[in-house]
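Source file: start-v5.txt. Holds: compact mmCIF, C-alpha atoms and all ligand atoms.
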# COMPACT_ATOMS: atom_id res chain seq x y z
CA MET A 28 -56.71 263.77 265.86
CA ARG A 29 -60.22 262.92 266.68
CA MET A 30 -62.75 264.86 264.72
CA PHE A 31 -64.67 266.15 267.69
CA SER A 32 -61.54 267.32 269.44
CA LYS A 33 -61.01 269.63 266.50
CA VAL A 34 -64.32 271.23 267.35
CA ILE A 35 -63.81 271.69 271.05
CA VAL A 36 -60.07 272.34 271.33
CA PRO A 37 -60.35 275.93 270.09
CA LEU A 38 -63.02 276.53 272.69
CA ALA A 39 -60.78 275.22 275.45
CA CYS A 40 -58.07 277.63 274.30
CA LEU A 41 -60.40 280.51 274.89
CA THR A 42 -61.43 279.55 278.39
CA ILE A 43 -58.63 281.27 280.35
CA THR A 44 -59.95 284.74 279.85
CA ALA A 45 -60.33 286.17 283.34
CA THR A 46 -58.49 289.38 282.52
CA PRO A 47 -60.33 290.31 279.32
CA LEU A 48 -63.61 289.59 281.09
CA VAL A 49 -62.96 292.47 283.49
CA GLY A 50 -63.08 294.91 280.62
CA LEU A 51 -66.21 293.40 279.19
CA ALA A 52 -67.95 292.93 282.50
CA GLU A 53 -69.42 296.39 282.52
CA GLU A 54 -70.84 296.01 279.03
CA ALA A 55 -74.32 294.78 278.48
CA GLN A 56 -74.29 291.77 276.19
CA SER A 57 -75.40 292.53 272.66
CA ASP A 58 -78.00 289.77 272.62
CA GLY A 59 -79.57 291.09 275.83
CA GLY A 60 -78.72 287.90 277.67
CA ILE A 61 -76.92 287.41 280.97
CA PRO A 62 -73.90 289.77 281.21
CA TYR A 63 -70.54 288.06 280.75
CA LYS A 64 -69.51 288.66 284.38
CA TRP A 65 -72.29 286.32 285.47
CA ALA A 66 -72.00 283.88 282.58
CA PRO A 67 -68.63 282.11 282.62
CA TRP A 68 -69.94 279.67 279.99
CA LYS A 69 -70.04 282.38 277.36
CA ASP A 70 -67.09 283.36 275.19
CA PRO A 71 -66.90 287.16 275.07
CA GLU A 72 -64.97 286.92 271.80
CA ASN A 73 -67.78 285.04 270.14
CA PRO A 74 -71.34 285.20 271.46
CA MET A 75 -72.29 282.15 269.35
CA ILE A 76 -69.94 279.85 271.28
CA LEU A 77 -70.47 278.39 274.71
CA LYS A 78 -67.33 277.78 276.71
CA MET A 79 -66.79 274.48 278.43
CA THR A 80 -65.74 274.37 282.05
CA ASP A 81 -62.02 274.25 282.81
CA GLU A 82 -62.64 271.60 285.43
CA LYS A 83 -62.05 267.95 284.67
CA ASP A 84 -65.37 266.17 284.33
CA VAL A 85 -65.39 263.46 286.98
CA LEU A 86 -68.26 261.70 285.20
CA PHE A 87 -65.82 260.52 282.53
CA GLU A 88 -63.01 259.46 284.85
CA ARG A 89 -62.26 255.76 284.45
CA ARG A 90 -62.08 253.64 287.58
CA ASP A 91 -58.70 252.20 288.60
CA GLN A 92 -59.54 248.52 288.18
CA SER A 93 -56.33 247.41 289.90
CA MET A 94 -58.21 247.99 293.15
CA GLY A 95 -60.42 244.98 292.34
CA ALA A 96 -59.61 241.28 292.27
CA LYS A 97 -56.69 240.38 290.04
CA ARG A 98 -57.73 238.62 286.85
CA GLU A 99 -56.39 237.80 283.44
CA PRO A 100 -57.90 239.63 280.45
CA GLY A 101 -61.03 237.88 279.20
CA LEU A 102 -64.75 237.76 279.81
CA PHE A 103 -66.21 237.96 283.29
CA TYR A 104 -69.35 235.94 283.97
CA PRO A 105 -71.23 237.70 286.77
CA ASN A 106 -74.02 235.18 287.14
CA ARG A 107 -74.56 232.23 289.43
CA TYR A 108 -76.68 230.27 286.95
CA THR A 109 -75.85 229.11 283.45
CA PHE A 110 -79.39 229.42 282.18
CA GLY A 111 -82.41 231.46 283.09
CA PRO A 112 -84.18 234.77 282.65
CA ASN A 113 -82.71 238.08 283.73
CA TRP A 114 -84.75 238.25 286.92
CA SER A 115 -82.56 235.52 288.36
CA ALA A 116 -79.39 237.19 287.12
CA ILE A 117 -77.30 240.32 287.33
CA PRO A 118 -78.71 241.93 284.18
CA THR A 119 -76.49 242.33 281.13
CA PHE A 120 -77.36 242.83 277.46
CA LEU A 121 -78.74 239.53 276.18
CA GLY A 122 -77.30 237.92 279.32
CA ALA A 123 -73.80 238.25 277.84
CA PRO A 124 -70.67 238.14 280.01
CA ILE A 125 -68.88 241.39 280.82
CA ALA A 126 -65.80 242.92 279.23
CA GLN A 127 -64.28 246.12 280.57
CA THR A 128 -61.26 246.78 278.39
CA PRO A 129 -60.12 246.25 274.79
CA GLU A 130 -57.73 243.62 276.23
CA ASP A 131 -60.74 241.68 277.53
CA LEU A 132 -62.34 241.83 274.08
CA LYS A 133 -59.15 240.71 272.35
CA ALA A 134 -58.37 237.90 274.80
CA ALA A 135 -61.85 236.40 274.37
CA LYS A 136 -61.96 237.09 270.60
CA VAL A 137 -65.27 238.87 271.05
CA ASP A 138 -67.38 239.28 267.90
CA ILE A 139 -70.07 241.58 269.27
CA ALA A 140 -69.45 244.16 271.99
CA MET A 141 -72.73 245.67 273.15
CA PHE A 142 -72.60 248.86 275.16
CA GLY A 143 -75.21 251.17 276.58
CA MET A 144 -75.54 254.83 275.74
CA THR A 145 -76.90 257.35 278.16
CA ILE A 146 -77.16 260.68 276.39
CA GLY A 147 -80.54 262.29 276.93
CA ASP A 148 -80.92 264.56 273.92
CA GLN A 149 -84.50 263.76 272.98
CA MET A 150 -87.39 266.11 272.49
CA LEU A 151 -89.26 264.10 275.15
CA PRO A 152 -86.29 263.10 277.33
CA GLY A 153 -85.76 259.69 278.90
CA GLY A 154 -83.32 257.95 276.57
CA ARG A 155 -80.61 257.93 279.22
CA PHE A 156 -82.57 255.26 281.09
CA GLY A 157 -82.94 253.02 278.04
CA ALA A 158 -79.71 251.05 278.39
CA GLN A 159 -80.41 249.80 281.90
CA GLN A 160 -84.00 249.09 280.89
CA MET A 161 -82.79 246.94 278.00
CA ARG A 162 -80.76 244.81 280.40
CA SER A 163 -83.83 244.32 282.59
CA LEU A 164 -86.74 243.84 280.17
CA ILE A 165 -89.67 241.97 281.60
CA ASP A 166 -89.40 239.47 278.80
CA TYR A 167 -89.23 235.70 278.61
CA MET A 168 -86.49 235.96 275.99
CA SER A 169 -83.65 237.12 278.21
CA TYR A 170 -81.55 233.97 278.41
CA PRO A 171 -77.78 234.15 278.14
CA ALA A 172 -76.89 235.28 274.61
CA GLN A 173 -78.54 232.50 272.71
CA GLY A 174 -81.52 231.75 270.57
CA GLU A 175 -82.26 230.33 267.15
CA ASP A 176 -83.32 232.88 264.55
CA GLN A 177 -86.73 231.62 263.44
CA PHE A 178 -86.42 232.93 259.89
CA ILE A 179 -83.02 231.64 258.83
CA GLY A 180 -82.44 228.96 261.45
CA VAL A 181 -79.06 229.98 262.84
CA ASP A 182 -78.03 230.13 266.48
CA ILE A 183 -76.89 233.61 267.53
CA GLY A 184 -75.23 231.99 270.56
CA LYS A 185 -72.37 230.96 268.28
CA LEU A 186 -71.25 234.57 268.23
CA VAL A 187 -68.96 235.58 271.09
CA MET A 188 -70.77 238.45 272.77
CA ALA A 189 -69.88 240.81 275.56
CA ASP A 190 -71.58 243.52 277.54
CA TYR A 191 -69.04 246.34 277.42
CA GLY A 192 -70.81 248.51 279.98
CA ASN A 193 -72.13 251.98 279.30
CA ALA A 194 -70.78 255.18 277.82
CA ALA A 195 -71.22 257.84 280.46
CA ALA A 196 -72.89 261.13 279.65
CA ASN A 197 -72.82 264.33 281.62
CA TRP A 198 -76.55 264.88 282.03
CA MET A 199 -76.19 268.55 282.96
CA ALA A 200 -73.69 269.68 280.35
CA ASP A 201 -74.28 270.48 276.72
CA ASN A 202 -74.70 267.09 275.08
CA GLN A 203 -71.98 267.82 272.55
CA VAL A 204 -69.37 267.17 275.28
CA ASN A 205 -70.73 263.62 275.63
CA LEU A 206 -69.75 262.67 272.09
CA ASP A 207 -66.09 262.23 273.05
CA GLU A 208 -66.95 259.28 275.28
CA VAL A 209 -69.04 257.58 272.56
CA HIS A 210 -66.13 258.09 270.14
CA LYS A 211 -63.66 256.61 272.66
CA ILE A 212 -65.72 253.51 273.44
CA VAL A 213 -66.55 252.80 269.80
CA SER A 214 -62.83 253.22 269.01
CA GLU A 215 -61.85 250.83 271.83
CA ILE A 216 -64.20 248.17 270.47
CA LEU A 217 -63.05 248.70 266.87
CA SER A 218 -59.42 248.42 268.03
CA ALA A 219 -60.24 244.94 269.32
CA ASP A 220 -61.74 243.96 265.94
CA ALA A 221 -65.18 243.50 267.49
CA ILE A 222 -68.42 244.99 266.21
CA PRO A 223 -69.73 247.77 268.46
CA VAL A 224 -73.47 247.55 269.03
CA GLY A 225 -74.66 250.66 270.83
CA ILE A 226 -77.92 250.36 272.71
CA ALA A 227 -80.34 253.17 273.70
CA GLY A 228 -79.47 256.82 274.25
CA THR A 229 -80.29 259.34 271.57
CA HIS A 230 -79.40 259.98 267.97
CA ILE A 231 -76.78 262.72 268.52
CA GLN A 232 -74.42 259.88 269.51
CA SER A 233 -74.29 258.80 265.88
CA TYR A 234 -71.77 261.62 265.40
CA GLY A 235 -69.38 259.83 267.79
CA PHE A 236 -69.87 256.57 265.86
CA MET A 237 -69.19 258.25 262.53
CA THR A 238 -66.01 259.98 263.76
CA ALA A 239 -64.67 256.72 265.24
CA LEU A 240 -65.46 254.83 262.01
CA ALA A 241 -63.87 257.58 259.91
CA GLU A 242 -60.71 257.31 262.02
CA LYS A 243 -60.52 253.56 261.60
CA TYR A 244 -61.55 253.16 257.97
CA GLY A 245 -61.18 256.65 256.56
CA PRO A 246 -64.03 258.99 255.65
CA GLY A 247 -66.27 257.64 252.91
CA GLU A 248 -65.37 253.98 253.44
CA VAL A 249 -68.50 252.98 255.33
CA ALA A 250 -72.08 253.11 254.09
CA ILE A 251 -74.62 254.23 256.66
CA VAL A 252 -78.10 252.75 256.79
CA HIS A 253 -80.27 255.17 258.70
CA VAL A 254 -83.75 254.07 259.77
CA ASP A 255 -85.75 257.01 261.04
CA ALA A 256 -88.93 259.03 260.71
CA HIS A 257 -86.66 262.06 260.50
CA TYR A 258 -83.89 263.00 258.11
CA ASP A 259 -81.54 264.30 260.83
CA ALA A 260 -79.80 266.80 258.58
CA TYR A 261 -81.66 269.78 259.95
CA LYS A 262 -80.15 273.08 258.86
CA ALA A 263 -80.71 274.84 262.16
CA GLY A 264 -78.35 274.22 265.02
CA ALA A 265 -81.00 274.95 267.67
CA GLY A 266 -78.28 276.74 269.62
CA ARG A 267 -75.69 274.03 269.04
CA PHE A 268 -73.17 272.79 266.49
CA VAL A 269 -74.93 269.44 266.54
CA HIS A 270 -78.00 267.83 268.06
CA ASN A 271 -80.07 264.70 267.60
CA GLY A 272 -81.75 266.08 264.48
CA SER A 273 -78.75 267.66 262.74
CA PHE A 274 -75.77 265.31 263.04
CA PHE A 275 -75.69 264.27 259.38
CA LYS A 276 -75.44 267.87 258.27
CA LEU A 277 -72.38 268.48 260.45
CA ALA A 278 -70.86 265.11 259.50
CA VAL A 279 -71.10 265.89 255.78
CA GLU A 280 -69.90 269.49 256.19
CA LYS A 281 -66.90 268.37 258.29
CA GLY A 282 -66.03 265.61 255.83
CA VAL A 283 -66.62 262.81 258.34
CA VAL A 284 -68.89 261.08 255.81
CA LYS A 285 -69.96 261.72 252.25
CA GLY A 286 -73.62 262.49 251.63
CA SER A 287 -73.71 259.61 249.16
CA ASP A 288 -72.72 257.23 251.99
CA ILE A 289 -76.01 257.93 253.77
CA HIS A 290 -78.97 255.64 253.00
CA GLN A 291 -82.15 256.66 254.78
CA VAL A 292 -85.44 254.80 255.10
CA GLY A 293 -88.80 255.58 256.68
CA LEU A 294 -88.65 259.38 256.42
CA ARG A 295 -91.92 261.17 257.11
CA GLY A 296 -93.46 263.72 259.47
CA GLN A 297 -93.48 267.44 258.73
CA THR A 298 -89.87 267.80 257.62
CA PRO A 299 -87.63 268.35 255.65
CA GLY A 300 -88.73 271.59 254.05
CA ALA A 301 -87.60 272.71 250.62
CA TYR A 302 -84.25 274.08 251.82
CA ASP A 303 -83.13 270.92 253.59
CA LEU A 304 -84.50 268.61 250.90
CA ASN A 305 -82.44 270.57 248.41
CA TRP A 306 -79.37 270.18 250.65
CA MET A 307 -80.00 266.42 250.75
CA ARG A 308 -80.20 266.32 246.94
CA GLU A 309 -77.11 268.48 246.46
CA ASN A 310 -75.13 266.25 248.80
CA LYS A 311 -76.45 263.08 247.13
CA LEU A 312 -78.05 261.45 250.14
CA ASN A 313 -79.91 258.23 249.27
CA PHE A 314 -83.25 258.79 250.90
CA HIS A 315 -86.29 256.54 250.94
CA PHE A 316 -89.30 258.37 252.26
CA GLN A 317 -92.33 256.56 253.62
CA ALA A 318 -94.02 257.95 250.51
CA GLU A 319 -91.82 255.69 248.38
CA ILE A 320 -92.75 252.69 250.49
CA GLU A 321 -96.46 253.53 250.20
CA LYS A 322 -96.19 254.08 246.44
CA ASN A 323 -93.83 251.24 245.42
CA GLY A 324 -94.26 248.79 248.26
CA TRP A 325 -91.83 247.64 250.94
CA ASP A 326 -90.28 244.81 248.93
CA ALA A 327 -89.23 247.18 246.13
CA VAL A 328 -87.77 249.76 248.50
CA LEU A 329 -85.92 247.11 250.51
CA ALA A 330 -84.47 245.63 247.30
CA LYS A 331 -83.38 249.09 246.15
CA LEU A 332 -81.76 249.88 249.49
CA LEU A 333 -79.93 246.54 249.55
CA SER A 334 -78.62 247.07 246.01
CA GLU A 335 -77.36 250.56 246.96
CA VAL A 336 -75.18 249.24 249.78
CA LYS A 337 -74.21 245.88 248.27
CA GLY A 338 -70.54 245.05 248.77
CA ARG A 339 -69.95 247.84 251.26
CA LYS A 340 -69.07 247.95 254.93
CA VAL A 341 -72.22 249.08 256.72
CA TYR A 342 -72.95 250.98 259.91
CA ILE A 343 -76.62 250.79 260.93
CA THR A 344 -78.03 253.69 262.90
CA PHE A 345 -81.55 252.71 263.84
CA ASP A 346 -83.87 255.30 265.37
CA MET A 347 -86.79 253.48 266.95
CA ASP A 348 -89.16 256.22 265.75
CA GLY A 349 -88.55 254.92 262.22
CA VAL A 350 -90.94 252.12 263.20
CA ASP A 351 -94.67 252.80 263.30
CA PRO A 352 -95.53 253.88 266.88
CA ALA A 353 -98.19 251.18 266.80
CA TYR A 354 -95.21 248.83 267.28
CA ALA A 355 -92.84 251.22 269.05
CA PRO A 356 -94.66 253.82 271.15
CA GLY A 357 -91.78 254.51 273.57
CA VAL A 358 -89.76 257.06 271.62
CA GLY A 359 -88.81 260.70 272.07
CA THR A 360 -90.22 262.06 268.81
CA GLN A 361 -93.24 260.03 267.77
CA ASP A 362 -94.54 260.09 264.21
CA PRO A 363 -97.47 257.95 262.99
CA ASP A 364 -96.94 255.50 260.12
CA GLY A 365 -93.51 254.03 259.40
CA LEU A 366 -92.00 250.56 259.14
CA THR A 367 -93.85 247.64 260.64
CA ALA A 368 -92.07 245.55 263.27
CA GLY A 369 -91.73 242.77 260.67
CA GLN A 370 -90.24 245.05 258.03
CA ALA A 371 -87.72 246.42 260.53
CA ILE A 372 -86.71 242.91 261.61
CA GLN A 373 -86.37 241.83 257.96
CA LEU A 374 -84.25 244.88 257.12
CA VAL A 375 -81.62 244.38 259.83
CA ARG A 376 -81.44 240.62 259.21
CA ALA A 377 -81.00 241.16 255.46
CA LEU A 378 -78.24 243.73 256.04
CA GLY A 379 -76.51 241.36 258.46
CA ILE A 380 -76.48 238.66 255.78
CA GLN A 381 -75.58 240.81 252.80
CA ASN A 382 -73.07 243.25 254.26
CA GLU A 383 -70.05 243.36 256.48
CA ILE A 384 -71.53 245.14 259.49
CA VAL A 385 -68.87 247.29 261.13
CA ALA A 386 -71.07 248.98 263.74
CA ALA A 387 -74.71 249.31 264.73
CA GLU A 388 -76.75 251.29 267.21
CA PHE A 389 -80.38 251.31 268.20
CA ASN A 390 -81.42 254.56 269.76
CA GLU A 391 -84.15 257.02 270.73
CA TYR A 392 -85.87 254.43 272.92
CA ASN A 393 -87.58 256.24 275.77
CA PRO A 394 -88.59 253.69 278.44
CA LEU A 395 -90.48 256.38 280.37
CA LEU A 396 -92.94 256.57 277.47
CA ASP A 397 -93.10 252.86 276.65
CA ASP A 398 -96.25 250.89 277.34
CA ALA A 399 -96.61 248.66 280.37
CA HIS A 400 -95.44 245.64 278.39
CA GLN A 401 -92.26 247.41 277.24
CA THR A 402 -93.30 246.82 273.63
CA THR A 403 -90.68 249.21 272.25
CA GLY A 404 -87.88 247.74 274.35
CA ILE A 405 -88.80 244.19 273.39
CA LEU A 406 -88.87 245.14 269.70
CA MET A 407 -85.44 246.75 270.06
CA ASP A 408 -84.19 243.54 271.69
CA ARG A 409 -85.54 241.52 268.73
CA LEU A 410 -83.98 243.91 266.23
CA ILE A 411 -80.60 243.39 267.88
CA ARG A 412 -81.09 239.61 267.86
CA SER A 413 -82.21 239.68 264.22
CA LEU A 414 -79.12 241.65 263.21
CA LEU A 415 -76.98 239.12 265.08
CA GLY A 416 -78.87 236.32 263.30
CA GLY A 417 -78.01 237.87 259.95
CA ILE A 418 -74.35 238.34 260.93
CA GLN A 419 -74.09 234.72 262.07
CA GLY A 420 -75.94 233.53 258.95
CA ARG A 421 -73.36 235.33 256.78
CA ARG A 422 -70.58 233.61 258.75
CA GLU A 423 -72.24 230.26 258.07
CA GLY A 424 -72.25 230.95 254.35
CA ILE A 425 -75.72 232.37 253.73
CA THR A 426 -75.38 234.96 250.98
CA ASP A 427 -78.96 235.73 249.91
CA PRO A 428 -80.39 238.51 252.10
CA MET A 429 -83.84 237.09 251.32
CA TYR A 430 -82.84 233.61 252.50
CA TYR A 431 -85.31 231.64 254.63
CA ASP A 432 -84.77 228.36 256.39
CA PRO A 433 -86.62 225.79 254.20
CA GLU A 434 -87.73 223.90 257.31
CA ARG A 435 -89.59 226.98 258.44
CA ILE A 436 -91.28 227.79 255.13
CA ASN A 437 -93.54 224.83 254.50
CA HIS A 438 -94.03 221.88 256.80
CA ALA A 439 -95.49 219.84 253.94
CA ASP A 440 -92.12 219.80 252.16
CA GLN A 441 -90.43 217.92 254.99
MN MN B 501 -83.14 260.22 264.48

Would you put the structure from the file into structure tokens?
Amino acid sequence: MRMFSKVIVPLACLTITATPLVGLAEEAQSDGGIPYKWAPWKDPENPMILKMTDEKDVLFERRDQSMGAKREPGLFYPNRYTFGPNWSAIPTFLGAPIAQTPEDLKAAKVDIAMFGMTIGDQMLPGGRFGAQQMRSLIDYMSYPAQGEDQFIGVDIGKLVMADYGNAAANWMADNQVNLDEVHKIVSEILSADAIPVGIAGTHIQSYGFMTALAEKYGPGEVAIVHVDAHYDAYKAGAGRFVHNGSFFKLAVEKGVVKGSDIHQVGLRGQTPGAYDLNWMRENKLNFHFQAEIEKNGWDAVLAKLLSEVKGRKVYITFDMDGVDPAYAPGVGTQDPDGLTAGQAIQLVRALGIQNEIVAAEFNEYNPLLDDAHQTTGILMDRLIRSLLGGIQGRREGITDPMYYDPERINHADQ
């Protein structure tokens, strides 16, 4: 069973309660809120639980593709031109061709399946628009899935990439219901032995990644590298089982991951307080606060982080607010200080070289708050490309995460 289903199935069982509601309808609700007779989303048996609707959510219904042109499984190239920027193309992630099903991914032996996420769970909302924005960046570097990494000198175009479309999100429902679709799409991509790279949306979706990875590999088999200003193991539910600042707490408590699998970097801001920091210690999270970077220097912290995860399968969950807002202003929860753009690029490249990357996502981008030059979006694009550079470098036999292309280090040596 999928982990999240375990959470919501009991709620669904409690939804056919028309008869008991009659008896309760006359009673004022204990919390002073809307009486049950006017609040079908409340469970009279448990005032802490919101009921989901009994109706099928049409937003998650998959289209019957047999109505379209017949085609064999494989990649679909939507564009007229072989080369050129996205303003002369039907926009896709990195200009990659389109895959719609796991069969497409398998038939084309896809390495990297990028998909957009559309959950809007941010403090300053707008993340749901990030995926489409990333396909349409006003950026010279939007050519079809290619480009030489200028640090290690490998061509990311050697990877077989696909744009796997978006994961839908019900923008009016509680965002917890949207996690099923993230779980399903990550699972589809994993079933095709491709690497899911989730783009945009908000950090709650990490829960759907972790449950899908736990199903495939077993809980505790994947190390998580978490770049963020925030620790995301907040004790308070804020009215929910899980939200974009608390998903690690639920994941550890439900046994989806072990605390010691979580490796955090860039933490700062006004939290955690003593209670949550103690929880992080008790559960053996590997956290690297910005304070550690300031005290010991980036190189030392990066080396420590890399040694912690060496030899492990890695899932990267990259919150754009982990980067200094000087480089990434378009986020939902801004916090001054943080990683530089260069440090962030180095980190994902090094992980791509050193580790078997089993999944990655780059989230919390809010295009409504980005600057006019889409600085945050363009950095996120470069982070994705740098990760792909590292992955391709590893495939070409590069083993040192600190490797640099000699031709790009010193022209005098040539
Ligand atoms: Mn976060």

When you count all atoms listed in the file, which of these residues is closest to A:Tyr431: A:Arg376, A:Lys64, A:Lys185, A:His400?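 Counting all atoms listed in the file, the residue closest to A:Tyr431 is A:Arg376.
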
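Atom CA of A:Ile139 is positioned 6.9 Å from atom CA of A:Val224.
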
Write out as a PyMOL selection string each polymer residue whose atoms come within 10 Å of A:Gln401, counting only C-alpha atoms; drop sequence neighbours fewer than 4 positions from it. chain A and resi 160-161+164-166+355-357+394-397+405-407

Return as a PyMOL selection string the residues of protein, DNA or RNA that approach ligand MN 501 (chain B) to within 8 Å, with only C-alpha atoms and all ligand atoms taken into account. chain A and resi 229-231+254-259+271-272+345-346+348-349+390-391

Export C-alpha atoms of the chosen residues as a compact mmCIF listing (two decimals), in the coordinates of the input?
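Result file is result05.txt:
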# COMPACT_ATOMS: atom_id res chain seq x y z
CA THR A 229 -80.29 259.34 271.57
CA HIS A 230 -79.40 259.98 267.97
CA ILE A 231 -76.78 262.72 268.52
CA VAL A 254 -83.75 254.07 259.77
CA ASP A 255 -85.75 257.01 261.04
CA ALA A 256 -88.93 259.03 260.71
CA HIS A 257 -86.66 262.06 260.50
CA TYR A 258 -83.89 263.00 258.11
CA ASP A 259 -81.54 264.30 260.83
CA ASN A 271 -80.07 264.70 267.60
CA GLY A 272 -81.75 266.08 264.48
CA PHE A 345 -81.55 252.71 263.84
CA ASP A 346 -83.87 255.30 265.37
CA ASP A 348 -89.16 256.22 265.75
CA GLY A 349 -88.55 254.92 262.22
CA ASN A 390 -81.42 254.56 269.76
CA GLU A 391 -84.15 257.02 270.73

Using all atoms listed in the file, pick whichever of A:Met429, A:Ala227, A:Ala353, A:Ala250 has the shortest atom-to-atom distance to A:Asp408.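 Ranked by minimum distance to A:Asp408, first place goes to A:Ala227.
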
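In this structure, atom CA of A:Gly143 sits 7.9 Å away from atom CA of A:Tyr191.
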
Around the point (-63.7, 259.5, 255.6) (coordinates from the file), which residues reach within 12 Å if we count only C-alpha atoms? Answer as a short mmCIF file (atom, residue, chain, number, x, y, z; two decimals) with C-alpha atoms, in the frame of the given file.
data_model
loop_
_atom_site.label_atom_id
_atom_site.label_comp_id
_atom_site.auth_asym_id
_atom_site.auth_seq_id
_atom_site.Cartn_x
_atom_site.Cartn_y
_atom_site.Cartn_z
CA MET A 30 -62.75 264.86 264.72
CA MET A 237 -69.19 258.25 262.53
CA THR A 238 -66.01 259.98 263.76
CA ALA A 239 -64.67 256.72 265.24
CA LEU A 240 -65.46 254.83 262.01
CA ALA A 241 -63.87 257.58 259.91
CA GLU A 242 -60.71 257.31 262.02
CA LYS A 243 -60.52 253.56 261.60
CA TYR A 244 -61.55 253.16 257.97
CA GLY A 245 -61.18 256.65 256.56
CA PRO A 246 -64.03 258.99 255.65
CA GLY A 247 -66.27 257.64 252.91
CA GLU A 248 -65.37 253.98 253.44
CA VAL A 249 -68.50 252.98 255.33
CA ALA A 250 -72.08 253.11 254.09
CA ALA A 278 -70.86 265.11 259.50
CA VAL A 279 -71.10 265.89 255.78
CA GLU A 280 -69.90 269.49 256.19
CA LYS A 281 -66.90 268.37 258.29
CA GLY A 282 -66.03 265.61 255.83
CA VAL A 283 -66.62 262.81 258.34
CA VAL A 284 -68.89 261.08 255.81
CA LYS A 285 -69.96 261.72 252.25
CA GLY A 286 -73.62 262.49 251.63
CA SER A 287 -73.71 259.61 249.16
CA ASP A 288 -72.72 257.23 251.99
#

Atom CA of A:Ser169 to atom CA of A:Ser233: how many Å, to one decimal? 26.6 Å

A:Leu132, A:Met347, A:Ala265, A:Ile425 ranked by distance to A:Val292, top pick (using all atoms listed in the file):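 That would be A:Met347, the residue with the smallest distance to A:Val292.
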
Which of A:Leu121, A:Ile146, A:Met75, A:Ala116 sits closest to A:Ile183 [using all atoms listed in the file]: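 Using all atoms listed in the file, A:Ile183 sits closest to A:Leu121.
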